[in-house]
Amino acid sequence: MCYAIPGKILELRDNIAVVDYFGEHRNVLNDFTDVQIGDYIYAQGGILVQKIPKQDAILILKEWEERFFQLKKLDLKISRIKEEVGIEDNKFIKIIEKTREGISLKRDEVLRLLKTNDKKELNLLFKTANKLRQKHLKNSCCVHGIIEFSNHCRNDCLYCGIRKSNKKLKRYRMDVDEIVKVASFAVNRLGFKALVLQSGEDFWYTTEKLIEMIKKIKEKCGVLLFMSIGERSFDCYKRMYEAGARGVLFRFETSNPRLYKKLHRGPKLKFQNRIKLLRYMSKLGYIIATGSLIGLPGQTEEDLMNDILLTKSLNAEMYSFGPLIPHSETPLANASLENINTVLKVLAVSRLIDPKAKILVTTALETLDKENGRKLGLLSGANSLMINVTPTKYKNLYSIYPNKAGNEREIEDDIEKTLNLLYSLGRAPTDLGI
Ligand code: 5AD
């Protein structure tokens, strides 16, 4: 199984390697001291993560070559936009045209896009986002694995099923060696090149334990590691970076400080602390994946616009926006379920505002529409996915929200289903660098 296409190093300059993929050249960051021109490598998120023996690379590339160009052709065909007919508001078309020409939108224009519920306008918005994705990033789609290693949490966020006050939930925690084993299986047996390690805010994992975990995984696996463990000290994030973690998945949840305050109960949960921490992580060099929840009670379209703009201003490389799925054991049990079009609008507008970003189809979006959520997301500007590689015995206990998509499937089935979907849309499960 392969989630990245091998590339050949053409040039090495300082910490940059220029890599060839079937004639396309990409720059990737290189921390390895033992790579040379002519070596074959895997890169993820613009970072070199693994060297591959030449014979293996040549075999894999042979398998890929025909498919690579076929997929590109199919993607180009699907992302073509036909003449838009029947849209009455000329202003809407003008806004869309501006984004095609790369002109920045004003706030009232962004709002106009987020507020539409007209079928034809929505169609044009989603198609434009898909076209921009194709134009700027071609057909590559990152497929990250996620390991949910503990459902203990010290916080009491009003929306979250693993909140401290949920006494009905059976808690679990994987020890460091078990996490390393699962990560190693995901990378060395299943072929993942990027993994997210996620948990509640669980301080049983001290900074030392986290560092041990990261170092052991990096020793055994050529992988891009994202941490998704909530608020920790600046020092902890610095040391995790030094140990080899290179990404963080850390949402600010909402850019509206009033809403933030209402929803978050925890020892130190303050909106400004979170933003400061995100800015610090970016300064350290982490790849930032962040975003918000869509459909929070009291949230407006203006809030969603500010969420998108804040994500951009945080230099996020990956946008993570997903719907709130009400959980029966939380104070938001009776919140109404968001319409899928609202989520798709946020993804599409994110693409229009930040054409080169990675935009995630979250598992929550997949849960909102199990049949079509992933596909609709990928056709509305998104270009990244996650596959849950948490061991089956823990999966259902990590219930941040109910009926999580994918939990009913075995990992191998999920991988196969994902690949089939990507191929049917002309997408290649790979990440071709910066
Ligand atoms: N529905 C959807 N997403 C949720 N999260 C927490 N609770 C819910 C819910 N009920 C999200 C938060 C967090 C991520 C790990 O899970 O946004 O950042």
# chains A, B, ... in the order shown; residues from 1 in each chain; ligands from 1
>>> residues_near_ligand(ligand="ligand 1", cutoff="10 Å", atoms="only C-alpha atoms and all ligand atoms", output="mmCIF file with N, CA and C atoms, in the first residue's frame")
data_model
loop_
_atom_site.group_PDB
_atom_site.id
_atom_site.type_symbol
_atom_site.label_atom_id
_atom_site.label_comp_id
_atom_site.auth_asym_id
_atom_site.auth_seq_id
_atom_site.Cartn_x
_atom_site.Cartn_y
_atom_site.Cartn_z
ATOM 1 N N GLU A 148 -5.822 7.605 18.094
ATOM 2 C CA GLU A 148 -6.421 8.253 19.267
ATOM 3 C C GLU A 148 -5.966 7.482 20.491
ATOM 4 N N CYS A 157 -15.235 20.829 27.960
ATOM 5 C CA CYS A 157 -15.804 21.602 26.855
ATOM 6 C C CYS A 157 -17.249 21.150 26.613
ATOM 7 N N LEU A 158 -18.116 22.123 26.411
ATOM 8 C CA LEU A 158 -19.554 21.836 26.391
ATOM 9 C C LEU A 158 -20.002 20.937 25.239
ATOM 10 N N TYR A 159 -19.200 20.876 24.190
ATOM 11 C CA TYR A 159 -19.610 20.098 23.008
ATOM 12 C C TYR A 159 -19.038 18.692 22.973
ATOM 13 N N CYS A 160 -18.056 18.400 23.806
ATOM 14 C CA CYS A 160 -17.223 17.225 23.563
ATOM 15 C C CYS A 160 -17.611 16.015 24.432
ATOM 16 N N GLY A 161 -17.760 14.873 23.768
ATOM 17 C CA GLY A 161 -18.177 13.648 24.452
ATOM 18 C C GLY A 161 -17.142 13.076 25.408
ATOM 19 N N ILE A 162 -15.865 13.444 25.277
ATOM 20 C CA ILE A 162 -14.878 12.908 26.232
ATOM 21 C C ILE A 162 -14.578 13.921 27.344
ATOM 22 N N ARG A 163 -15.480 14.899 27.498
ATOM 23 C CA ARG A 163 -15.322 15.894 28.567
ATOM 24 C C ARG A 163 -15.278 15.188 29.918
ATOM 25 N N GLN A 198 -3.405 11.707 18.579
ATOM 26 C CA GLN A 198 -4.411 12.556 19.229
ATOM 27 C C GLN A 198 -4.870 11.974 20.558
ATOM 28 N N SER A 199 -5.189 12.891 21.501
ATOM 29 C CA SER A 199 -5.744 12.464 22.796
ATOM 30 C C SER A 199 -6.511 13.629 23.411
ATOM 31 N N GLY A 200 -7.241 13.344 24.486
ATOM 32 C CA GLY A 200 -7.776 14.426 25.299
ATOM 33 C C GLY A 200 -6.597 15.129 25.984
ATOM 34 N N SER A 228 -1.614 16.127 18.408
ATOM 35 C CA SER A 228 -2.923 16.745 18.604
ATOM 36 C C SER A 228 -3.355 16.433 20.029
ATOM 37 N N ILE A 229 -2.730 17.140 20.975
ATOM 38 C CA ILE A 229 -2.879 16.783 22.389
ATOM 39 C C ILE A 229 -3.316 17.972 23.231
ATOM 40 N N GLY A 230 -3.687 19.066 22.578
ATOM 41 C CA GLY A 230 -4.236 20.202 23.307
ATOM 42 C C GLY A 230 -3.187 21.135 23.872
ATOM 43 N N LEU A 249 -1.969 19.467 15.129
ATOM 44 C CA LEU A 249 -3.380 19.631 14.771
ATOM 45 C C LEU A 249 -4.027 20.173 16.032
ATOM 46 N N PHE A 250 -4.368 21.443 15.972
ATOM 47 C CA PHE A 250 -4.795 22.133 17.194
ATOM 48 C C PHE A 250 -5.773 23.229 16.794
ATOM 49 N N ARG A 251 -7.055 22.964 16.999
ATOM 50 C CA ARG A 251 -8.058 23.942 16.579
ATOM 51 C C ARG A 251 -8.223 25.042 17.606
ATOM 52 N N PHE A 252 -8.568 26.239 17.114
ATOM 53 C CA PHE A 252 -8.942 27.292 18.070
ATOM 54 C C PHE A 252 -10.437 27.201 18.376
ATOM 55 N N GLU A 253 -11.147 26.346 17.670
ATOM 56 C CA GLU A 253 -12.564 25.965 17.878
ATOM 57 C C GLU A 253 -13.570 27.045 17.474
ATOM 58 N N THR A 254 -13.321 28.295 17.837
ATOM 59 C CA THR A 254 -14.114 29.417 17.330
ATOM 60 C C THR A 254 -13.286 30.685 17.499
ATOM 61 N N THR A 290 -5.209 23.853 11.741
ATOM 62 C CA THR A 290 -6.130 24.420 12.726
ATOM 63 C C THR A 290 -7.454 24.792 12.055
ATOM 64 N N GLY A 291 -8.396 25.232 12.871
ATOM 65 C CA GLY A 291 -9.709 25.582 12.342
ATOM 66 C C GLY A 291 -10.737 25.596 13.449
ATOM 67 N N SER A 292 -11.995 25.380 13.058
ATOM 68 C CA SER A 292 -13.051 25.561 14.057
ATOM 69 C C SER A 292 -14.176 24.555 13.871
ATOM 70 N N LEU A 293 -15.100 24.631 14.821
ATOM 71 C CA LEU A 293 -16.323 23.837 14.754
ATOM 72 C C LEU A 293 -17.401 24.656 14.051
ATOM 73 N N ILE A 294 -18.166 23.986 13.207
ATOM 74 C CA ILE A 294 -19.222 24.672 12.447
ATOM 75 C C ILE A 294 -20.573 24.229 12.990
ATOM 76 N N GLY A 295 -21.423 25.216 13.302
ATOM 77 C CA GLY A 295 -22.760 24.868 13.797
ATOM 78 C C GLY A 295 -22.884 25.005 15.304
ATOM 79 N N LEU A 296 -21.978 25.770 15.914
ATOM 80 C CA LEU A 296 -22.082 26.007 17.357
ATOM 81 C C LEU A 296 -23.305 26.891 17.629
ATOM 82 N N SER A 320 -8.721 22.768 9.152
ATOM 83 C CA SER A 320 -9.518 21.681 9.719
ATOM 84 C C SER A 320 -10.841 22.242 10.245
ATOM 85 N N PHE A 321 -11.870 22.160 9.413
ATOM 86 C CA PHE A 321 -13.196 22.665 9.787
ATOM 87 C C PHE A 321 -14.193 21.524 9.711
ATOM 88 N N GLY A 322 -14.912 21.291 10.810
ATOM 89 C CA GLY A 322 -15.900 20.217 10.781
ATOM 90 C C GLY A 322 -17.151 20.609 11.540
ATOM 91 N N PRO A 323 -18.267 19.931 11.222
ATOM 92 C CA PRO A 323 -19.529 20.258 11.897
ATOM 93 C C PRO A 323 -19.551 19.754 13.338
ATOM 94 N N LEU A 324 -20.269 20.469 14.167
ATOM 95 C CA LEU A 324 -20.567 19.969 15.509
ATOM 96 C C LEU A 324 -21.569 18.831 15.370
ATOM 97 N N ILE A 325 -21.244 17.689 15.983
ATOM 98 C CA ILE A 325 -22.208 16.588 16.014
ATOM 99 C C ILE A 325 -22.629 16.444 17.479
ATOM 100 N N PRO A 326 -23.872 16.786 17.814
ATOM 101 C CA PRO A 326 -24.261 16.785 19.220
ATOM 102 C C PRO A 326 -24.099 15.406 19.874
ATOM 103 N N HIS A 327 -23.592 15.419 21.087
ATOM 104 C CA HIS A 327 -23.358 14.179 21.847
ATOM 105 C C HIS A 327 -24.319 14.169 23.028
ATOM 106 N N SER A 328 -25.013 13.049 23.222
ATOM 107 C CA SER A 328 -26.094 13.000 24.228
ATOM 108 C C SER A 328 -25.605 13.274 25.657
ATOM 109 N N GLU A 329 -24.338 13.010 25.941
ATOM 110 C CA GLU A 329 -23.848 13.191 27.317
ATOM 111 C C GLU A 329 -23.162 14.546 27.506
ATOM 112 N N THR A 330 -23.556 15.512 26.698
ATOM 113 C CA THR A 330 -22.970 16.854 26.844
ATOM 114 C C THR A 330 -24.085 17.892 26.977
ATOM 115 N N LEU A 332 -24.615 20.202 25.105
ATOM 116 C CA LEU A 332 -25.114 20.576 23.777
ATOM 117 C C LEU A 332 -25.875 19.427 23.092
ATOM 118 N N ALA A 333 -26.361 18.499 23.916
ATOM 119 C CA ALA A 333 -27.060 17.321 23.377
ATOM 120 C C ALA A 333 -28.175 17.699 22.411
ATOM 121 N N ALA A 335 -28.467 20.482 20.598
ATOM 122 C CA ALA A 335 -28.127 21.447 19.528
ATOM 123 C C ALA A 335 -28.570 20.867 18.193
ATOM 124 N N LEU A 337 -28.402 19.846 14.257
ATOM 125 C CA LEU A 337 -27.344 19.357 13.382
ATOM 126 C C LEU A 337 -27.194 20.320 12.197
ATOM 127 N N THR A 362 -12.987 16.484 7.270
ATOM 128 C CA THR A 362 -12.905 15.941 8.629
ATOM 129 C C THR A 362 -13.811 14.724 8.764
ATOM 130 N N THR A 363 -13.482 13.902 9.761
ATOM 131 C CA THR A 363 -14.317 12.724 10.019
ATOM 132 C C THR A 363 -15.723 13.162 10.413
ATOM 133 N N ALA A 364 -15.839 14.330 11.046
ATOM 134 C CA ALA A 364 -17.168 14.817 11.421
ATOM 135 C C ALA A 364 -18.008 15.112 10.178
ATOM 136 N N LEU A 365 -17.393 15.639 9.134
ATOM 137 C CA LEU A 365 -18.139 15.858 7.888
ATOM 138 C C LEU A 365 -18.564 14.511 7.289
ATOM 139 N N THR A 367 -19.192 11.939 8.942
ATOM 140 C CA THR A 367 -20.235 11.405 9.809
ATOM 141 C C THR A 367 -21.592 12.037 9.493
ATOM 142 N N LEU A 368 -21.549 13.307 9.108
ATOM 143 C CA LEU A 368 -22.780 14.037 8.783
ATOM 144 C C LEU A 368 -23.481 13.406 7.582
ATOM 145 N N TYR A 398 -13.303 6.462 21.976
ATOM 146 C CA TYR A 398 -12.868 7.834 21.702
ATOM 147 C C TYR A 398 -14.053 8.573 21.094
ATOM 148 N N SER A 399 -15.098 8.724 21.917
ATOM 149 C CA SER A 399 -16.373 9.203 21.355
ATOM 150 C C SER A 399 -16.519 10.703 21.594
ATOM 151 N N ILE A 400 -15.718 11.509 20.884
ATOM 152 C CA ILE A 400 -15.919 12.957 20.995
ATOM 153 C C ILE A 400 -17.299 13.324 20.471
ATOM 154 N N TYR A 401 -17.795 12.532 19.515
ATOM 155 C CA TYR A 401 -19.191 12.654 19.065
ATOM 156 C C TYR A 401 -19.654 11.255 18.659
ATOM 157 N N PRO A 402 -20.980 11.043 18.554
ATOM 158 C CA PRO A 402 -21.470 9.677 18.329
ATOM 159 C C PRO A 402 -21.399 9.228 16.863
ATOM 160 N N LYS A 404 -19.221 7.882 14.868
ATOM 161 C CA LYS A 404 -18.144 8.388 14.036
ATOM 162 C C LYS A 404 -17.950 7.544 12.773
#
>>> residues_around(residues="Asp202 (chain A)", least_positions_apart="5", cutoff="8 Å", atoms="only C-alpha atoms", output="list in words")
Ser150, Asn151, His152, Cys153, Arg154 and Ile229 of chain A
>>> write_last_selection(atoms="all heavy atoms", output="PDB file, in the first residue's frame")
ATOM      1  N   SER A 150      -5.584   8.267  23.886  1.00  0.00           N
ATOM      2  CA  SER A 150      -6.170   8.345  25.238  1.00  0.00           C
ATOM      3  C   SER A 150      -7.443   9.180  25.194  1.00  0.00           C
ATOM      4  O   SER A 150      -7.484  10.224  24.529  1.00  0.00           O
ATOM      5  CB  SER A 150      -5.179   9.003  26.204  1.00  0.00           C
ATOM      6  OG  SER A 150      -5.856   9.473  27.357  1.00  0.00           O
ATOM      7  N   ASN A 151      -8.481   8.727  25.908  1.00  0.00           N
ATOM      8  CA  ASN A 151      -9.715   9.525  25.958  1.00  0.00           C
ATOM      9  C   ASN A 151      -9.900  10.194  27.321  1.00  0.00           C
ATOM     10  O   ASN A 151     -10.987  10.639  27.654  1.00  0.00           O
ATOM     11  CB  ASN A 151     -10.943   8.685  25.564  1.00  0.00           C
ATOM     12  CG  ASN A 151     -11.283   7.632  26.601  1.00  0.00           C
ATOM     13  OD1 ASN A 151     -10.547   7.444  27.570  1.00  0.00           O
ATOM     14  ND2 ASN A 151     -12.394   6.941  26.412  1.00  0.00           N
ATOM     15  N   HIS A 152      -8.815  10.224  28.115  1.00  0.00           N
ATOM     16  CA  HIS A 152      -8.881  11.002  29.356  1.00  0.00           C
ATOM     17  C   HIS A 152      -8.734  12.481  29.015  1.00  0.00           C
ATOM     18  O   HIS A 152      -7.933  12.824  28.147  1.00  0.00           O
ATOM     19  CB  HIS A 152      -7.735  10.618  30.301  1.00  0.00           C
ATOM     20  CG  HIS A 152      -7.906   9.265  30.906  1.00  0.00           C
ATOM     21  ND1 HIS A 152      -8.384   9.066  32.187  1.00  0.00           N
ATOM     22  CD2 HIS A 152      -7.675   8.031  30.407  1.00  0.00           C
ATOM     23  CE1 HIS A 152      -8.431   7.773  32.444  1.00  0.00           C
ATOM     24  NE2 HIS A 152      -8.004   7.118  31.382  1.00  0.00           N
ATOM     25  N   CYS A 153      -9.497  13.347  29.698  1.00  0.00           N
ATOM     26  CA  CYS A 153      -9.357  14.774  29.435  1.00  0.00           C
ATOM     27  C   CYS A 153      -9.623  15.576  30.700  1.00  0.00           C
ATOM     28  O   CYS A 153     -10.573  15.293  31.428  1.00  0.00           O
ATOM     29  CB  CYS A 153     -10.310  15.207  28.321  1.00  0.00           C
ATOM     30  SG  CYS A 153      -9.953  16.885  27.767  1.00  0.00           S
ATOM     31  N   ARG A 154      -8.782  16.569  30.931  1.00  0.00           N
ATOM     32  CA  ARG A 154      -8.951  17.384  32.138  1.00  0.00           C
ATOM     33  C   ARG A 154      -9.977  18.503  31.909  1.00  0.00           C
ATOM     34  O   ARG A 154     -10.350  19.209  32.831  1.00  0.00           O
ATOM     35  CB  ARG A 154      -7.615  17.993  32.564  1.00  0.00           C
ATOM     36  CG  ARG A 154      -7.065  18.975  31.553  1.00  0.00           C
ATOM     37  CD  ARG A 154      -5.833  19.689  32.074  1.00  0.00           C
ATOM     38  NE  ARG A 154      -5.346  20.633  31.079  1.00  0.00           N
ATOM     39  CZ  ARG A 154      -4.473  21.585  31.331  1.00  0.00           C
ATOM     40  NH1 ARG A 154      -3.985  21.731  32.548  1.00  0.00           N
ATOM     41  NH2 ARG A 154      -4.065  22.385  30.383  1.00  0.00           N
ATOM     42  N   ILE A 229      -2.730  17.140  20.975  1.00  0.00           N
ATOM     43  CA  ILE A 229      -2.879  16.783  22.389  1.00  0.00           C
ATOM     44  C   ILE A 229      -3.316  17.972  23.231  1.00  0.00           C
ATOM     45  O   ILE A 229      -3.301  17.896  24.456  1.00  0.00           O
ATOM     46  CB  ILE A 229      -1.545  16.209  22.953  1.00  0.00           C
ATOM     47  CG1 ILE A 229      -0.403  17.208  22.758  1.00  0.00           C
ATOM     48  CG2 ILE A 229      -1.209  14.885  22.272  1.00  0.00           C
ATOM     49  CD1 ILE A 229       0.870  16.828  23.472  1.00  0.00           C
TER      50      ILE A 229
END
>>> select_by_dssp(residues="region 21-240 of chain A", states="strand (DSSP E)", output="PyMOL selection string")
chain A and resi 21+24-29+40-44+47-52+142-150+194-199+224-228
>>> residues_around(residues="Lys356 (chain A)", least_positions_apart="6", cutoff="12 Å", atoms="only C-alpha atoms", output="ChimeraX atom specification")
/A:102,129-138,140,312,315-319,350,381-383,433-434
>>> write_last_selection(atoms="N, CA and C atoms", output="short mmCIF file (atom, residue, chain, number, x, y, z; two decimals), in the first residue's frame")
data_model
loop_
_atom_site.label_atom_id
_atom_site.label_comp_id
_atom_site.auth_asym_id
_atom_site.auth_seq_id
_atom_site.Cartn_x
_atom_site.Cartn_y
_atom_site.Cartn_z
N GLY A 102 -7.46 35.65 -8.94
CA GLY A 102 -6.51 35.78 -7.83
C GLY A 102 -6.61 37.10 -7.09
N ALA A 129 -14.22 26.30 -6.27
CA ALA A 129 -13.24 25.86 -5.27
C ALA A 129 -12.49 24.64 -5.77
N ASN A 130 -13.22 23.72 -6.37
CA ASN A 130 -12.57 22.50 -6.88
C ASN A 130 -11.59 22.84 -8.01
N LYS A 131 -11.99 23.78 -8.86
CA LYS A 131 -11.13 24.17 -9.97
C LYS A 131 -9.84 24.83 -9.44
N LEU A 132 -10.01 25.69 -8.45
CA LEU A 132 -8.81 26.36 -7.89
C LEU A 132 -7.87 25.34 -7.25
N ARG A 133 -8.45 24.36 -6.57
CA ARG A 133 -7.64 23.27 -5.99
C ARG A 133 -6.84 22.58 -7.10
N GLN A 134 -7.54 22.27 -8.20
CA GLN A 134 -6.88 21.57 -9.30
C GLN A 134 -5.78 22.45 -9.90
N LYS A 135 -6.08 23.73 -10.06
CA LYS A 135 -5.13 24.64 -10.70
C LYS A 135 -3.85 24.79 -9.85
N HIS A 136 -4.04 24.97 -8.56
CA HIS A 136 -2.88 25.28 -7.71
C HIS A 136 -2.17 24.05 -7.15
N LEU A 137 -2.89 22.98 -6.90
CA LEU A 137 -2.27 21.85 -6.20
C LEU A 137 -2.36 20.54 -6.96
N LYS A 138 -2.93 20.62 -8.15
CA LYS A 138 -3.12 19.42 -8.97
C LYS A 138 -3.91 18.37 -8.19
N SER A 140 -3.00 15.91 -6.06
CA SER A 140 -2.48 15.19 -4.90
C SER A 140 -3.40 15.36 -3.69
N LYS A 312 -6.11 31.59 8.23
CA LYS A 312 -5.11 32.07 7.27
C LYS A 312 -4.04 32.91 7.98
N ASN A 315 -1.02 31.34 9.54
CA ASN A 315 -0.14 30.61 8.61
C ASN A 315 -0.42 29.12 8.60
N ALA A 316 -1.70 28.76 8.72
CA ALA A 316 -2.02 27.34 8.72
C ALA A 316 -1.74 26.74 7.36
N GLU A 317 -1.12 25.58 7.37
CA GLU A 317 -0.95 24.88 6.11
C GLU A 317 -2.13 23.99 5.85
N MET A 318 -2.80 23.61 6.93
CA MET A 318 -3.96 22.74 6.76
C MET A 318 -5.16 23.31 7.51
N TYR A 319 -6.30 23.41 6.79
CA TYR A 319 -7.53 23.92 7.39
C TYR A 319 -8.35 22.74 7.88
N SER A 350 -12.79 28.71 2.10
CA SER A 350 -11.39 28.59 2.54
C SER A 350 -10.48 28.43 1.32
N GLY A 381 -13.35 21.71 -2.81
CA GLY A 381 -12.11 22.41 -2.49
C GLY A 381 -11.16 21.65 -1.58
N ALA A 382 -11.64 20.57 -0.95
CA ALA A 382 -10.76 19.85 -0.01
C ALA A 382 -9.78 18.94 -0.75
N ASN A 383 -8.67 18.66 -0.07
CA ASN A 383 -7.64 17.79 -0.68
C ASN A 383 -6.85 17.00 0.36
N GLY A 433 4.99 17.64 -1.87
CA GLY A 433 5.97 18.63 -1.39
C GLY A 433 5.44 20.05 -1.39
N ILE A 434 6.30 20.97 -1.00
CA ILE A 434 5.89 22.36 -0.77
C ILE A 434 5.28 22.96 -2.04
#
>>> closest_atom_pairs(of="region 62-120 of chain A", to="region 20-44 of chain A", cutoff="10 Å", atoms="only C-alpha atoms", output="Markdown table")
| residue | atom | partner | partner_atom | distance |
| --- | --- | --- | --- | --- |
| A:Trp64 | CA | A:Phe22 | CA | 9.7 |
| A:Glu65 | CA | A:Phe22 | CA | 7.5 |
| A:Phe68 | CA | A:Phe22 | CA | 8.6 |
| A:Phe69 | CA | A:Phe22 | CA | 9.2 |
>>> closest_residue(among="A:Leu122, A:Val182, A:Val361, A:Ile93", to="Ile411 (chain A)", atoms="only C-alpha atoms")
A:Val182
>>> closest_atom_pairs(of="region 165-261 of chain A", to="region 414-423 of chain A", cutoff="12 Å", atoms="only C-alpha atoms", output="Markdown table")
| residue | atom | partner | partner_atom | distance |
| --- | --- | --- | --- | --- |
| A:Ala186 | CA | A:Ile415 | CA | 11.2 |
| A:Leu190 | CA | A:Ile415 | CA | 8.8 |
| A:Gly191 | CA | A:Ile415 | CA | 10.2 |
| A:Phe192 | CA | A:Ile415 | CA | 10.2 |
>>> write_last_selection(atoms="N, CA, C and O atoms", output="PDB file, in the first residue's frame")
ATOM      1  N   ALA A 186       1.194   1.090  11.375  1.00  0.00           N
ATOM      2  CA  ALA A 186       0.569   1.995  10.393  1.00  0.00           C
ATOM      3  C   ALA A 186       1.580   2.426   9.323  1.00  0.00           C
ATOM      4  O   ALA A 186       1.245   2.499   8.140  1.00  0.00           O
ATOM      5  N   LEU A 190       1.184  -0.680   6.855  1.00  0.00           N
ATOM      6  CA  LEU A 190       0.067  -0.160   6.049  1.00  0.00           C
ATOM      7  C   LEU A 190       0.510   0.915   5.057  1.00  0.00           C
ATOM      8  O   LEU A 190      -0.217   1.232   4.129  1.00  0.00           O
ATOM      9  N   GLY A 191       1.671   1.506   5.276  1.00  0.00           N
ATOM     10  CA  GLY A 191       2.213   2.454   4.280  1.00  0.00           C
ATOM     11  C   GLY A 191       1.957   3.926   4.536  1.00  0.00           C
ATOM     12  O   GLY A 191       2.209   4.759   3.670  1.00  0.00           O
ATOM     13  N   PHE A 192       1.447   4.284   5.730  1.00  0.00           N
ATOM     14  CA  PHE A 192       1.211   5.711   5.997  1.00  0.00           C
ATOM     15  C   PHE A 192       2.530   6.471   6.099  1.00  0.00           C
ATOM     16  O   PHE A 192       3.503   5.969   6.645  1.00  0.00           O
TER      17      PHE A 192
END
>>> closest_residue(among="A:Leu59, A:Ala357, A:Ile387, A:Val110", to="Lys345 (chain A)", atoms="only C-alpha atoms")
A:Val110
>>> closest_residue(among="A:Gly426, A:Gly377, A:Gly222, A:Gly46", to="Ser79 (chain A)", atoms="only C-alpha atoms")
A:Gly426
>>> select_by_dssp(residues="region 97-338 of chain A", states="alpha helix (DSSP H)", output="number ranges by chain")
A: 97-100, 107-115, 119-137, 176-184, 207-220, 234-243, 257-263, 271-284, 301-313
>>> closest_residue(among="A:Lys238, A:Arg173, A:Lys193, A:Glu121", to="Tyr205 (chain A)", atoms="only C-alpha atoms")
A:Arg173
>>> residues_around(residues="Val248 (chain A)", least_positions_apart="3", cutoff="7 Å", atoms="only C-alpha atoms", output="tab-separated table (two decimals) with C-alpha atoms, in the first residue's frame")
chain	number	residue	atom	x	y	z
A	226	PHE	CA	1.54	15.60	13.97
A	227	MET	CA	0.70	16.05	17.65
A	228	SER	CA	-2.92	16.75	18.60
A	286	TYR	CA	5.62	23.28	13.14
A	287	ILE	CA	3.23	22.67	10.25
A	288	ILE	CA	0.01	24.13	11.59
A	289	ALA	CA	-3.35	22.43	11.10
>>> residues_around(residues="Ile87 (chain A)", least_positions_apart="6", cutoff="12 Å", atoms="only C-alpha atoms", output="list of chain:residue names")
A:Ile93, A:Lys94, A:Ile96, A:Thr116, A:Asp118, A:Lys119, A:Lys120, A:Glu121, A:Leu122, A:Asn123, A:Leu124, A:Leu125
>>> write_last_selection(atoms="N, CA, C and O atoms", output="tab-separated table (two decimals), in the first residue's frame")
chain	number	residue	atom	x	y	z
A	93	ILE	N	-21.58	36.51	-9.37
A	93	ILE	CA	-20.66	36.04	-10.43
A	93	ILE	C	-19.38	36.86	-10.42
A	93	ILE	O	-18.28	36.33	-10.57
A	94	LYS	N	-19.51	38.16	-10.19
A	94	LYS	CA	-18.32	39.04	-10.14
A	94	LYS	C	-17.37	38.59	-9.02
A	94	LYS	O	-16.14	38.58	-9.20
A	96	ILE	N	-17.07	35.63	-7.71
A	96	ILE	CA	-16.44	34.37	-8.13
A	96	ILE	C	-15.32	34.65	-9.15
A	96	ILE	O	-14.23	34.09	-9.07
A	116	THR	N	-25.01	32.42	0.89
A	116	THR	CA	-25.91	31.94	-0.16
A	116	THR	C	-26.51	30.59	0.19
A	116	THR	O	-25.86	29.72	0.79
A	118	ASP	N	-28.75	29.59	-2.45
A	118	ASP	CA	-29.29	29.35	-3.78
A	118	ASP	C	-28.54	28.18	-4.43
A	118	ASP	O	-27.30	28.15	-4.43
A	119	LYS	N	-29.29	27.24	-4.93
A	119	LYS	CA	-28.71	26.00	-5.46
A	119	LYS	C	-27.66	26.25	-6.54
A	119	LYS	O	-26.57	25.66	-6.53
A	120	LYS	N	-28.00	27.14	-7.47
A	120	LYS	CA	-27.08	27.39	-8.59
A	120	LYS	C	-25.82	28.11	-8.12
A	120	LYS	O	-24.72	27.84	-8.59
A	121	GLU	N	-26.02	29.04	-7.19
A	121	GLU	CA	-24.85	29.75	-6.66
A	121	GLU	C	-23.95	28.78	-5.90
A	121	GLU	O	-22.72	28.82	-6.03
A	122	LEU	N	-24.57	27.91	-5.11
A	122	LEU	CA	-23.78	26.93	-4.35
A	122	LEU	C	-22.97	26.06	-5.31
A	122	LEU	O	-21.77	25.82	-5.11
A	123	ASN	N	-23.64	25.61	-6.35
A	123	ASN	CA	-22.99	24.77	-7.33
A	123	ASN	C	-21.76	25.47	-7.92
A	123	ASN	O	-20.67	24.89	-8.01
A	124	LEU	N	-21.93	26.73	-8.27
A	124	LEU	CA	-20.81	27.48	-8.86
A	124	LEU	C	-19.69	27.69	-7.83
A	124	LEU	O	-18.50	27.55	-8.16
A	125	LEU	N	-20.07	27.96	-6.60
A	125	LEU	CA	-19.08	28.15	-5.54
A	125	LEU	C	-18.24	26.88	-5.34
A	125	LEU	O	-17.01	26.92	-5.32
>>> closest_residue(among="A:Val143, A:Val180, A:Leu113, A:Val18", to="Thr99 (chain A)", atoms="only C-alpha atoms")
A:Leu113
>>> atom_distance(atom1="CA of Leu310 (chain A)", atom2="CA of Ser255 (chain A)")
7.0 Å
